[in-house]
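Printed here is start_34.txt (compact mmCIF, C-alpha atoms):
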# COMPACT_ATOMS: atom_id res chain seq x y z
CA MET S 1124 179.09 13.43 -82.18
CA ILE S 1125 175.98 11.83 -80.72
CA GLN S 1126 173.76 10.25 -83.38
CA LEU S 1127 171.48 8.10 -81.21
CA ILE S 1128 169.87 9.20 -77.94
CA LEU S 1129 168.20 6.46 -75.91
CA SER S 1130 165.95 8.08 -73.34
CA ASP S 1131 163.93 6.81 -70.43
CA LEU S 1132 160.45 8.35 -70.22
CA ASP S 1133 159.08 8.67 -66.67
CA GLU S 1134 161.14 11.00 -64.48
CA THR S 1135 163.56 11.63 -67.38
CA LEU S 1136 161.83 12.96 -70.51
CA LEU S 1137 158.38 13.44 -68.99
CA ASN S 1138 157.39 15.91 -66.32
CA ASP S 1139 156.04 14.44 -63.09
CA ASP S 1140 152.49 14.88 -64.40
CA GLY S 1141 153.27 12.99 -67.62
CA SER S 1142 153.45 16.07 -69.85
CA ILE S 1143 156.47 17.10 -71.94
CA ASN S 1144 158.31 20.39 -71.50
CA PRO S 1145 158.12 22.44 -74.74
CA LYS S 1146 161.90 22.91 -74.58
CA ASN S 1147 162.31 19.15 -74.88
CA ILE S 1148 159.97 19.06 -77.87
CA ASP S 1149 161.92 21.79 -79.66
CA ALA S 1150 165.35 20.32 -78.90
CA ILE S 1151 164.35 16.81 -80.00
CA ALA S 1152 162.93 18.24 -83.24
CA ARG S 1153 166.23 19.98 -83.98
CA PHE S 1154 168.22 16.85 -83.13
CA THR S 1155 166.17 14.57 -85.39
CA GLU S 1156 165.96 17.12 -88.22
CA ASN S 1157 169.77 17.07 -88.25
CA GLY S 1158 169.74 13.29 -88.76
CA GLY S 1159 169.84 12.07 -85.17
CA TYR S 1160 167.66 9.33 -83.72
CA PHE S 1161 165.78 10.00 -80.50
CA VAL S 1162 164.52 6.67 -79.20
CA PRO S 1163 162.41 6.04 -76.11
CA ASN S 1164 164.04 3.24 -74.10
CA THR S 1165 161.32 2.34 -71.67
CA GLY S 1166 159.98 -0.36 -69.44
CA ARG S 1167 156.56 0.21 -70.94
CA SER S 1168 154.88 -1.24 -74.00
CA TYR S 1169 155.62 0.52 -77.27
CA LYS S 1170 151.86 0.97 -77.68
CA SER S 1171 151.79 3.22 -74.63
CA VAL S 1172 154.15 5.77 -76.19
CA PHE S 1173 152.13 6.62 -79.31
CA GLY S 1174 150.85 9.83 -77.71
CA THR S 1175 154.36 10.80 -76.64
CA LEU S 1176 155.72 10.25 -80.15
CA GLU S 1177 152.92 12.34 -81.62
CA THR S 1178 153.59 15.18 -79.18
CA LEU S 1179 157.29 15.04 -80.10
CA GLY S 1180 156.49 14.98 -83.82
CA LEU S 1181 158.30 11.65 -84.20
CA ASN S 1182 155.39 9.89 -85.87
CA LYS S 1183 156.05 11.44 -89.30
CA LYS S 1184 158.80 9.04 -90.34
CA THR S 1185 160.07 5.63 -89.27
CA GLN S 1186 160.51 5.76 -85.50
CA TYR S 1187 162.08 3.17 -83.21
CA VAL S 1188 161.11 2.30 -79.66
CA VAL S 1189 162.94 0.01 -77.24
CA SER S 1190 160.28 -1.42 -74.95
CA TYR S 1191 159.86 -3.72 -71.94
CA ASN S 1192 163.30 -2.87 -70.49
CA GLY S 1193 164.92 -4.23 -73.63
CA GLY S 1194 162.40 -6.96 -74.39
CA ALA S 1195 161.71 -5.69 -77.91
CA ILE S 1196 162.64 -3.15 -80.55
CA VAL S 1197 159.72 -1.99 -82.65
CA ALA S 1198 159.76 0.16 -85.78
CA LEU S 1199 156.67 2.35 -86.13
CA GLU S 1200 155.75 3.71 -89.55
CA PRO S 1201 153.85 6.94 -90.34
CA ASP S 1202 150.99 4.88 -91.82
CA GLY S 1203 150.42 3.27 -88.42
CA SER S 1204 152.02 -0.06 -89.22
CA GLU S 1205 154.36 -1.75 -86.75
CA LYS S 1206 157.31 -4.08 -87.26
CA VAL S 1207 159.04 -5.97 -84.47
CA ILE S 1208 162.72 -6.00 -85.43
CA ALA S 1209 164.04 -7.64 -82.25
CA GLN S 1210 162.34 -9.68 -79.57
CA HIS S 1211 163.61 -11.24 -76.32
CA ALA S 1212 160.66 -13.09 -74.81
CA MET S 1213 160.12 -14.81 -71.46
CA PRO S 1214 158.98 -18.47 -71.31
CA ILE S 1215 155.41 -18.75 -70.08
CA THR S 1216 156.48 -21.24 -67.42
CA LEU S 1217 158.89 -18.66 -65.99
CA ALA S 1218 156.24 -15.93 -66.08
CA ARG S 1219 153.86 -18.13 -64.11
CA LYS S 1220 156.52 -18.85 -61.49
CA ILE S 1221 157.33 -15.16 -61.09
CA PHE S 1222 153.65 -14.31 -60.79
CA ARG S 1223 153.08 -16.96 -58.11
CA LEU S 1224 156.18 -16.08 -56.08
CA GLY S 1225 155.33 -12.38 -56.07
CA GLN S 1226 151.95 -12.79 -54.38
CA ILE S 1227 153.35 -12.37 -50.87
CA GLN S 1228 150.29 -10.52 -49.55
CA ALA S 1229 146.79 -9.56 -50.65
CA ASP S 1230 147.47 -6.06 -51.99
CA ILE S 1231 150.12 -6.89 -54.60
CA ASP S 1232 149.43 -5.30 -57.98
CA THR S 1233 150.89 -7.41 -60.81
CA HIS S 1234 151.57 -6.54 -64.45
CA ILE S 1235 152.18 -9.05 -67.21
CA TYR S 1236 153.42 -7.57 -70.47
CA THR S 1237 153.02 -9.52 -73.68
CA LEU S 1238 154.40 -8.16 -76.94
CA ASP S 1239 151.22 -6.23 -77.68
CA LYS S 1240 149.18 -6.10 -74.45
CA LEU S 1241 149.40 -5.26 -70.77
CA PHE S 1242 147.45 -7.40 -68.31
CA ILE S 1243 147.08 -6.20 -64.72
CA TYR S 1244 145.98 -8.36 -61.80
CA ASN S 1245 144.66 -6.71 -58.63
CA ILE S 1246 145.34 -3.16 -59.81
CA SER S 1247 145.73 -0.63 -57.01
CA PRO S 1248 143.95 2.75 -56.99
CA SER S 1249 147.26 4.61 -57.32
CA ASP S 1250 148.35 2.45 -60.24
CA LYS S 1251 144.99 2.94 -61.92
CA GLN S 1252 145.49 6.71 -61.67
CA TYR S 1253 149.06 6.39 -62.96
CA MET S 1254 147.86 4.44 -66.01
CA SER S 1255 145.10 6.96 -66.64
CA ASP S 1256 147.43 9.96 -66.40
CA ARG S 1257 149.81 8.43 -68.95
CA GLN S 1258 147.06 6.98 -71.16
CA VAL S 1259 148.47 3.47 -70.90
CA PRO S 1260 145.99 0.84 -72.17
CA TYR S 1261 145.63 -2.38 -70.18
CA THR S 1262 143.32 -5.34 -69.59
CA ALA S 1263 142.26 -6.14 -66.04
CA VAL S 1264 142.74 -9.77 -64.97
CA GLU S 1265 140.02 -10.86 -62.58
CA GLY S 1266 141.61 -14.07 -61.22
CA ASP S 1267 145.02 -15.62 -60.77
CA ASP S 1268 144.50 -18.26 -63.49
CA LEU S 1269 147.04 -17.39 -66.17
CA SER S 1270 146.12 -20.14 -68.63
CA PHE S 1271 144.84 -17.48 -71.05
CA LEU S 1272 148.44 -16.42 -71.70
CA ALA S 1273 148.98 -19.52 -73.84
CA ASN S 1274 146.81 -17.85 -76.50
CA GLU S 1275 148.50 -14.45 -76.30
CA SER S 1276 151.64 -12.99 -77.87
CA PRO S 1277 155.03 -13.79 -76.31
CA ILE S 1278 155.53 -12.56 -72.75
CA MET S 1279 158.06 -9.77 -72.32
CA LYS S 1280 158.22 -9.21 -68.55
CA VAL S 1281 156.40 -9.42 -65.22
CA ILE S 1282 156.39 -6.58 -62.70
CA PHE S 1283 154.84 -5.85 -59.33
CA GLU S 1284 153.60 -2.54 -57.93
CA HIS S 1285 153.48 -1.57 -54.25
CA PRO S 1286 154.09 1.78 -52.47
CA ASP S 1287 156.10 0.27 -49.60
CA PRO S 1288 159.80 -0.27 -50.44
CA ALA S 1289 160.05 -2.99 -47.77
CA VAL S 1290 157.29 -4.93 -49.53
CA ARG S 1291 159.03 -4.49 -52.89
CA GLU S 1292 162.22 -5.87 -51.37
CA ARG S 1293 160.30 -8.87 -50.03
CA ILE S 1294 158.80 -9.52 -53.46
CA ALA S 1295 162.27 -9.37 -54.98
CA ALA S 1296 163.61 -11.80 -52.40
CA SER S 1297 160.72 -14.21 -52.87
CA VAL S 1298 161.13 -14.36 -56.64
CA THR S 1299 164.91 -14.49 -56.79
CA SER S 1300 165.10 -17.16 -54.08
CA GLU S 1301 163.62 -19.64 -56.57
CA VAL S 1302 164.34 -18.30 -60.06
CA GLY S 1303 167.15 -15.83 -59.47
CA ASP S 1304 169.40 -17.44 -62.05
CA GLU S 1305 166.70 -17.07 -64.73
CA VAL S 1306 165.72 -13.42 -64.28
CA LEU S 1307 167.06 -9.89 -64.29
CA LEU S 1308 165.70 -7.87 -61.36
CA THR S 1309 165.31 -4.08 -61.48
CA PHE S 1310 163.40 -1.43 -59.54
CA SER S 1311 161.75 1.65 -61.06
CA SER S 1312 159.65 4.75 -60.33
CA ASN S 1313 159.68 4.11 -56.57
CA ARG S 1314 156.78 1.75 -57.08
CA TYR S 1315 157.73 -1.20 -59.30
CA VAL S 1316 159.76 -4.42 -59.00
CA GLU S 1317 160.51 -5.64 -62.52
CA PHE S 1318 161.61 -9.02 -63.89
CA ASN S 1319 162.96 -9.65 -67.38
CA PRO S 1320 164.59 -12.82 -68.67
CA LYS S 1321 168.27 -13.06 -67.74
CA GLY S 1322 170.47 -11.15 -70.17
CA VAL S 1323 167.73 -8.77 -71.34
CA ASP S 1324 168.10 -5.13 -70.36
CA LYS S 1325 167.95 -1.59 -71.74
CA GLY S 1326 171.67 -1.53 -72.44
CA VAL S 1327 171.97 -4.75 -74.41
CA THR S 1328 168.98 -3.95 -76.60
CA GLY S 1329 169.85 -0.26 -76.94
CA LEU S 1330 173.22 -1.19 -78.45
CA GLU S 1331 171.48 -3.81 -80.59
CA LEU S 1332 169.46 -0.98 -82.13
CA ALA S 1333 172.64 1.07 -82.63
CA ARG S 1334 174.13 -1.81 -84.63
CA ILE S 1335 170.95 -2.08 -86.71
CA LEU S 1336 171.23 1.64 -87.48
CA ASN S 1337 174.99 1.37 -88.17
CA ILE S 1338 175.80 3.77 -85.33
CA LYS S 1339 178.97 3.29 -83.32
CA ARG S 1340 178.71 2.83 -79.55
CA GLU S 1341 180.71 6.02 -78.94
CA ASP S 1342 178.08 7.95 -80.88
CA THR S 1343 175.25 6.82 -78.58
CA ALA S 1344 173.96 8.46 -75.42
CA ALA S 1345 171.54 7.11 -72.83
CA LEU S 1346 169.55 9.27 -70.41
CA GLY S 1347 167.88 7.99 -67.26
CA ASP S 1348 167.08 8.41 -63.62
CA ASN S 1349 166.27 5.08 -62.01
CA LEU S 1350 167.81 1.69 -61.32
CA ASN S 1351 166.35 0.05 -64.43
CA ASP S 1352 168.31 2.64 -66.46
CA ALA S 1353 171.67 1.53 -65.08
CA ALA S 1354 172.32 -0.96 -67.88
CA GLN S 1355 171.81 1.55 -70.69
CA ILE S 1356 173.80 4.26 -68.92
CA LYS S 1357 176.75 1.88 -68.53
CA ALA S 1358 176.43 0.50 -72.06
CA ALA S 1359 176.12 3.73 -74.06
CA GLY S 1360 179.03 5.78 -75.27
CA VAL S 1361 177.82 8.57 -72.99
CA GLY S 1362 175.71 7.72 -69.97
CA VAL S 1363 173.65 10.64 -68.67
CA ALA S 1364 171.88 11.06 -65.34
CA VAL S 1365 169.25 13.77 -64.91
CA ALA S 1366 169.50 15.87 -61.76
CA ASN S 1367 166.67 13.99 -60.07
CA ALA S 1368 168.30 10.61 -60.69
CA LYS S 1369 169.02 8.22 -57.88
CA ALA S 1370 172.49 8.44 -56.34
CA GLU S 1371 173.38 5.02 -57.76
CA ILE S 1372 172.68 6.27 -61.28
CA LYS S 1373 174.64 9.49 -60.84
CA ALA S 1374 177.59 7.44 -59.59
CA ILE S 1375 177.88 5.47 -62.85
CA ALA S 1376 176.99 8.25 -65.31
CA ASP S 1377 179.54 10.02 -67.50
CA VAL S 1378 177.48 13.20 -67.31
CA VAL S 1379 175.27 14.36 -64.43
CA LEU S 1380 172.94 17.15 -65.50
CA THR S 1381 172.00 20.04 -63.23
CA THR S 1382 168.46 20.02 -64.61
CA THR S 1383 165.63 17.69 -63.57
CA ASN S 1384 162.95 16.05 -65.67
CA ASN S 1385 160.68 18.98 -64.78
CA GLU S 1386 163.31 21.42 -66.04
CA ALA S 1387 163.74 20.03 -69.58
CA ALA S 1388 166.80 17.92 -68.81
CA VAL S 1389 166.69 16.25 -72.24
CA ALA S 1390 166.85 19.64 -73.97
CA ASP S 1391 169.71 20.62 -71.66
CA PHE S 1392 171.70 17.62 -72.84
CA ILE S 1393 170.89 18.09 -76.53
CA ASP S 1394 171.57 21.84 -76.57
CA HIS S 1395 174.62 22.06 -74.34
CA ILE S 1396 176.40 18.72 -74.21
CA SER S 1397 175.53 16.24 -76.99
CA GLY S 1398 177.62 17.97 -79.65
CA THR S 1399 180.69 18.43 -77.49
CA VAL S 1400 181.13 15.17 -75.58
CA HIS S 1401 183.89 13.92 -77.90
CA ASP S 1402 185.82 17.18 -78.18
Represent the structure from my file as structure tokens, please.
Amino acid sequence: MIQLILSDLDETLLNDDGSINPKNIDAIARFTENGGYFVPNTGRSYKSVFGTLETLGLNKKTQYVVSYNGGAIVALEPDGSEKVIAQHAMPITLARKIFRLGQIQADIDTHIYTLDKLFIYNISPSDKQYMSDRQVPYTAVEGDDLSFLANESPIMKVIFEHPDPAVRERIAASVTSEVGDEVLLTFSSNRYVEFNPKGVDKGVTGLELARILNIKREDTAALGDNLNDAAQIKAAGVGVAVANAKAEIKAIADVVLTTTNNEAAVADFIDHISGTVHD
């Protein structure tokens, strides 16, 4: 019986416009009321999911979030307090190298996530709209001097945004050519190239949370759609691909749903599959 569901957000739980299907809200409420844990496992900051948790009604008791592609696990309390219960940071020297290597042309949009903030350098109009639609707070960085990071919280990851997949591949090649043995490379949302420290991913940290909660691996499920979800889908007891997932994700999933993110795929899994996967 599934006790812990680790779910990606964009293109998995959320509709394309960032809203949540009411069927998902109802199904998640039933699952958690019966003692299950529904945990966002996202590349984003935990601070960016407060609105999502409120919509889901998950802000009324202790709620866990796996953030930054596995960079941290944060416990959020109903009184608004936060407690970091696991943290896998990136050395500032590595973050600076990644940033420098990724600037292969003038229109590269770069994100630097610290534990509690998002800094964006050279934000693109499409990314600005994306952040606005999902109510993601960030601080614009005006220049490429990153010395200010020495006074910030630990760095979780560095990512780059560009609409052209060929450019994203070139960014990936530029970074990994110099620091490939120090980073984990993933792609997401058909717009981002993401870099975490080596050994940090959604799967490793998702199972770390399961151990903290005393939940067996076979009683965990992970839902996703994109390449940065591969680690959690392979690690969980039941790996689940939504219908709109990339072919590479469907190929490694234990369950491939017939419903997309816009068709309440999470509710489909909870209502029709989660209680029967071990029968």
Can you build me a table of region 1207-1277 of chain S residues sitting at most 10 Å from region 1173-1191 of chain S, with the closest atom pair per residue and its distance in Å to one decimal, using all atoms listed in the file, sorted by chain and residue number, as a Markdown table?
| residue | atom | partner | partner_atom | distance |
| --- | --- | --- | --- | --- |
| S:Val1207 | CA | S:Tyr1187 | CA | 9.7 |
| S:Ile1208 | CA | S:Tyr1187 | CA | 9.5 |
| S:Ala1209 | CA | S:Val1189 | CA | 9.2 |
| S:Gln1210 | CA | S:Ser1190 | CA | 9.7 |
| S:His1211 | CA | S:Tyr1191 | CA | 9.5 |
| S:Ala1212 | CA | S:Tyr1191 | CA | 9.8 |
| S:Tyr1236 | CA | S:Tyr1191 | CA | 7.6 |
| S:Thr1237 | CA | S:Tyr1191 | CA | 9.1 |
| S:Leu1238 | CA | S:Tyr1191 | CA | 8.6 |
| S:Arg1257 | CA | S:Gly1174 | CA | 8.9 |
| S:Gln1258 | CA | S:Gly1174 | CA | 8.1 |
| S:Val1259 | CA | S:Gly1174 | CA | 9.6 |
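CA of Ala1296 (chain S) sits 22.3 Å away from CA of Leu1269 (chain S).
Neighbours of region 1216-1224 of chain S closer than or equal to 7 Å, with all atoms listed in the file counted and sequence neighbours fewer than 4 positions away skipped, come out as Val1281, Ser1297 and Val1298 of chain S.
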Using only C-alpha atoms, which residues of region 1238-1326 of chain S come within 12 Å of region 1367-1385 of chain S, and what is the closest atom pair for each, with the distance in Å to one decimal? Give it as a Markdown table, sorted by chain and residue number.
| residue | atom | partner | partner_atom | distance |
| --- | --- | --- | --- | --- |
| S:Phe1310 | CA | S:Lys1369 | CA | 11.3 |
| S:Ser1311 | CA | S:Lys1369 | CA | 10.3 |
| S:Ser1312 | CA | S:Lys1369 | CA | 10.3 |
| S:Asn1313 | CA | S:Lys1369 | CA | 10.3 |
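Counting only C-alpha atoms, the residue from S:Gln1355, S:Thr1343, S:Thr1233, S:Thr1328 that sits nearest to Tyr1315 (chain S) is S:Thr1233.
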* Between S:Glu1341, S:Glu1386, S:Glu1156, S:Glu1305, single out the one closest to Val1323 (chain S), counting all atoms listed in the file. =>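 For Val1323 (chain S), the nearest of the candidates is S:Glu1305.
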* Asked: Using all atoms listed in the file, what residues lie at most 9 Å away from (160.9, 0.2, -67.4) (file coordinates), given as a PyMOL selection string?
  -> chain S and resi 1131-1133+1164-1167+1190-1193+1309-1312+1315+1317+1325+1351-1352
Only C-alpha atoms, please: the residues just picked out, written as a CSV table (one decimal), in the frame of the given file.
chain,number,residue,atom,x,y,z
S,1131,ASP,CA,163.9,6.8,-70.4
S,1132,LEU,CA,160.4,8.4,-70.2
S,1133,ASP,CA,159.1,8.7,-66.7
S,1164,ASN,CA,164.0,3.2,-74.1
S,1165,THR,CA,161.3,2.3,-71.7
S,1166,GLY,CA,160.0,-0.4,-69.4
S,1167,ARG,CA,156.6,0.2,-70.9
S,1190,SER,CA,160.3,-1.4,-75.0
S,1191,TYR,CA,159.9,-3.7,-71.9
S,1192,ASN,CA,163.3,-2.9,-70.5
S,1193,GLY,CA,164.9,-4.2,-73.6
S,1309,THR,CA,165.3,-4.1,-61.5
S,1310,PHE,CA,163.4,-1.4,-59.5
S,1311,SER,CA,161.8,1.6,-61.1
S,1312,SER,CA,159.6,4.8,-60.3
S,1315,TYR,CA,157.7,-1.2,-59.3
S,1317,GLU,CA,160.5,-5.6,-62.5
S,1325,LYS,CA,168.0,-1.6,-71.7
S,1351,ASN,CA,166.4,0.0,-64.4
S,1352,ASP,CA,168.3,2.6,-66.5
* Asked: Given the choices S:Ser1204, S:Ile1246, S:Ile1215, S:Asn1319, which gets closest to Leu1272 (chain S) if the distance is worked out from only C-alpha atoms?
  ->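 Once distances to Leu1272 (chain S) are computed over only C-alpha atoms, the minimum belongs to S:Ile1215.
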* To one decimal in Å, tell me the separation between CA of Glu1284 (chain S) and CA of Ser1249 (chain S). => 9.6 Å
* Asked: So how many Å separate CA of Asp1304 (chain S) and CA of Lys1321 (chain S), to one decimal?
  -> 7.3 Å
* Surrounding residues of Asp1256 (chain S) excluding itself and chain neighbours under 4 positions, 10 Å, all atoms listed in the file, as a VMD selection string -> chain S and resid 1140 to 1142 1250 to 1252
* Which one is closest to Gln1126 (chain S): S:Gln1228, S:Phe1242, S:Ala1344, S:Ala1390? Count all atoms listed in the file. -> S:Ala1344
* To do: Skip Ile1128 (chain S) itself and residues of its chain fewer than 4 positions away, then list as a VMD selection string all residues within 12 Å of it, counting all atoms listed in the file.
  => chain S and resid 1124 1136 1151 1154 to 1155 1158 to 1164 1187 to 1189 1329 to 1330 1332 to 1333 1338 1340 to 1347 1355 to 1356 1359 to 1363 1389 to 1390 1392 to 1393 1397 to 1398
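Among S:Ala1229, S:Val1172, S:Ala1198, S:Leu1307, the residue with the shortest atom-to-atom distance to Leu1336 (chain S), counting only C-alpha atoms, is S:Ala1198.
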Produce the centre coordinates and the three edge lengths, each in Å to one decimal, of the box along x, y and z that contains all listed atoms of region 1287-1298 of chain S with 8 Å added on each side, as JSON.
{"center_x": 159.9, "center_y": -7.0, "center_z": -52.2, "size_x": 23.5, "size_y": 30.6, "size_z": 24.9}
* To do: Between S:Ile1227, S:Leu1129, S:Ile1278, S:Val1264, single out the one closest to Gly1194 (chain S), counting all atoms listed in the file.
  => S:Ile1278
Reconstruct N, CA and C atoms of region 1284-1303 of chain S from the incomplete input and present them as an mmCIF file, in the frame of the given file.
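part_13.cif, freshly written:
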data_model
loop_
_atom_site.group_PDB
_atom_site.id
_atom_site.type_symbol
_atom_site.label_atom_id
_atom_site.label_comp_id
_atom_site.auth_asym_id
_atom_site.auth_seq_id
_atom_site.Cartn_x
_atom_site.Cartn_y
_atom_site.Cartn_z
ATOM 1 N N GLU S 1284 153.715 -3.916 -58.423
ATOM 2 C CA GLU S 1284 153.600 -2.540 -57.930
ATOM 3 C C GLU S 1284 153.176 -2.557 -56.471
ATOM 4 N N HIS S 1285 153.882 -1.771 -55.637
ATOM 5 C CA HIS S 1285 153.480 -1.570 -54.250
ATOM 6 C C HIS S 1285 154.179 -0.310 -53.735
ATOM 7 N N PRO S 1286 153.486 0.518 -52.930
ATOM 8 C CA PRO S 1286 154.090 1.780 -52.470
ATOM 9 C C PRO S 1286 155.157 1.613 -51.393
ATOM 10 N N ASP S 1287 155.191 0.478 -50.716
ATOM 11 C CA ASP S 1287 156.100 0.270 -49.600
ATOM 12 C C ASP S 1287 157.400 -0.367 -50.090
ATOM 13 N N PRO S 1288 158.537 0.313 -49.959
ATOM 14 C CA PRO S 1288 159.800 -0.270 -50.440
ATOM 15 C C PRO S 1288 160.167 -1.578 -49.744
ATOM 16 N N ALA S 1289 159.761 -1.740 -48.487
ATOM 17 C CA ALA S 1289 160.050 -2.990 -47.770
ATOM 18 C C ALA S 1289 159.296 -4.156 -48.413
ATOM 19 N N VAL S 1290 158.068 -3.892 -48.850
ATOM 20 C CA VAL S 1290 157.290 -4.930 -49.530
ATOM 21 C C VAL S 1290 157.922 -5.262 -50.877
ATOM 22 N N ARG S 1291 158.375 -4.241 -51.595
ATOM 23 C CA ARG S 1291 159.030 -4.490 -52.890
ATOM 24 C C ARG S 1291 160.286 -5.337 -52.702
ATOM 25 N N GLU S 1292 161.029 -5.072 -51.652
ATOM 26 C CA GLU S 1292 162.220 -5.870 -51.370
ATOM 27 C C GLU S 1292 161.843 -7.322 -51.054
ATOM 28 N N ARG S 1293 160.754 -7.519 -50.348
ATOM 29 C CA ARG S 1293 160.300 -8.870 -50.030
ATOM 30 C C ARG S 1293 159.851 -9.621 -51.276
ATOM 31 N N ILE S 1294 159.192 -8.902 -52.182
ATOM 32 C CA ILE S 1294 158.800 -9.520 -53.460
ATOM 33 C C ILE S 1294 160.057 -9.951 -54.214
ATOM 34 N N ALA S 1295 161.024 -9.057 -54.283
ATOM 35 C CA ALA S 1295 162.270 -9.370 -54.980
ATOM 36 C C ALA S 1295 162.937 -10.601 -54.390
ATOM 37 N N ALA S 1296 162.977 -10.663 -53.071
ATOM 38 C CA ALA S 1296 163.610 -11.800 -52.400
ATOM 39 C C ALA S 1296 162.860 -13.091 -52.661
ATOM 40 N N SER S 1297 161.527 -13.024 -52.648
ATOM 41 C CA SER S 1297 160.720 -14.210 -52.870
ATOM 42 C C SER S 1297 160.939 -14.778 -54.264
ATOM 43 N N VAL S 1298 160.961 -13.902 -55.257
ATOM 44 C CA VAL S 1298 161.130 -14.360 -56.640
ATOM 45 C C VAL S 1298 162.544 -14.879 -56.884
ATOM 46 N N THR S 1299 163.535 -14.104 -56.480
ATOM 47 C CA THR S 1299 164.910 -14.490 -56.790
ATOM 48 C C THR S 1299 165.366 -15.712 -55.992
ATOM 49 N N SER S 1300 164.716 -15.985 -54.863
ATOM 50 C CA SER S 1300 165.100 -17.160 -54.080
ATOM 51 C C SER S 1300 164.887 -18.454 -54.861
ATOM 52 N N GLU S 1301 163.936 -18.426 -55.807
ATOM 53 C CA GLU S 1301 163.620 -19.640 -56.570
ATOM 54 C C GLU S 1301 164.078 -19.578 -58.015
ATOM 55 N N VAL S 1302 164.002 -18.395 -58.627
ATOM 56 C CA VAL S 1302 164.340 -18.300 -60.060
ATOM 57 C C VAL S 1302 165.374 -17.211 -60.318
ATOM 58 N N GLY S 1303 166.184 -16.917 -59.334
ATOM 59 C CA GLY S 1303 167.150 -15.830 -59.470
ATOM 60 C C GLY S 1303 168.128 -15.986 -60.603
#
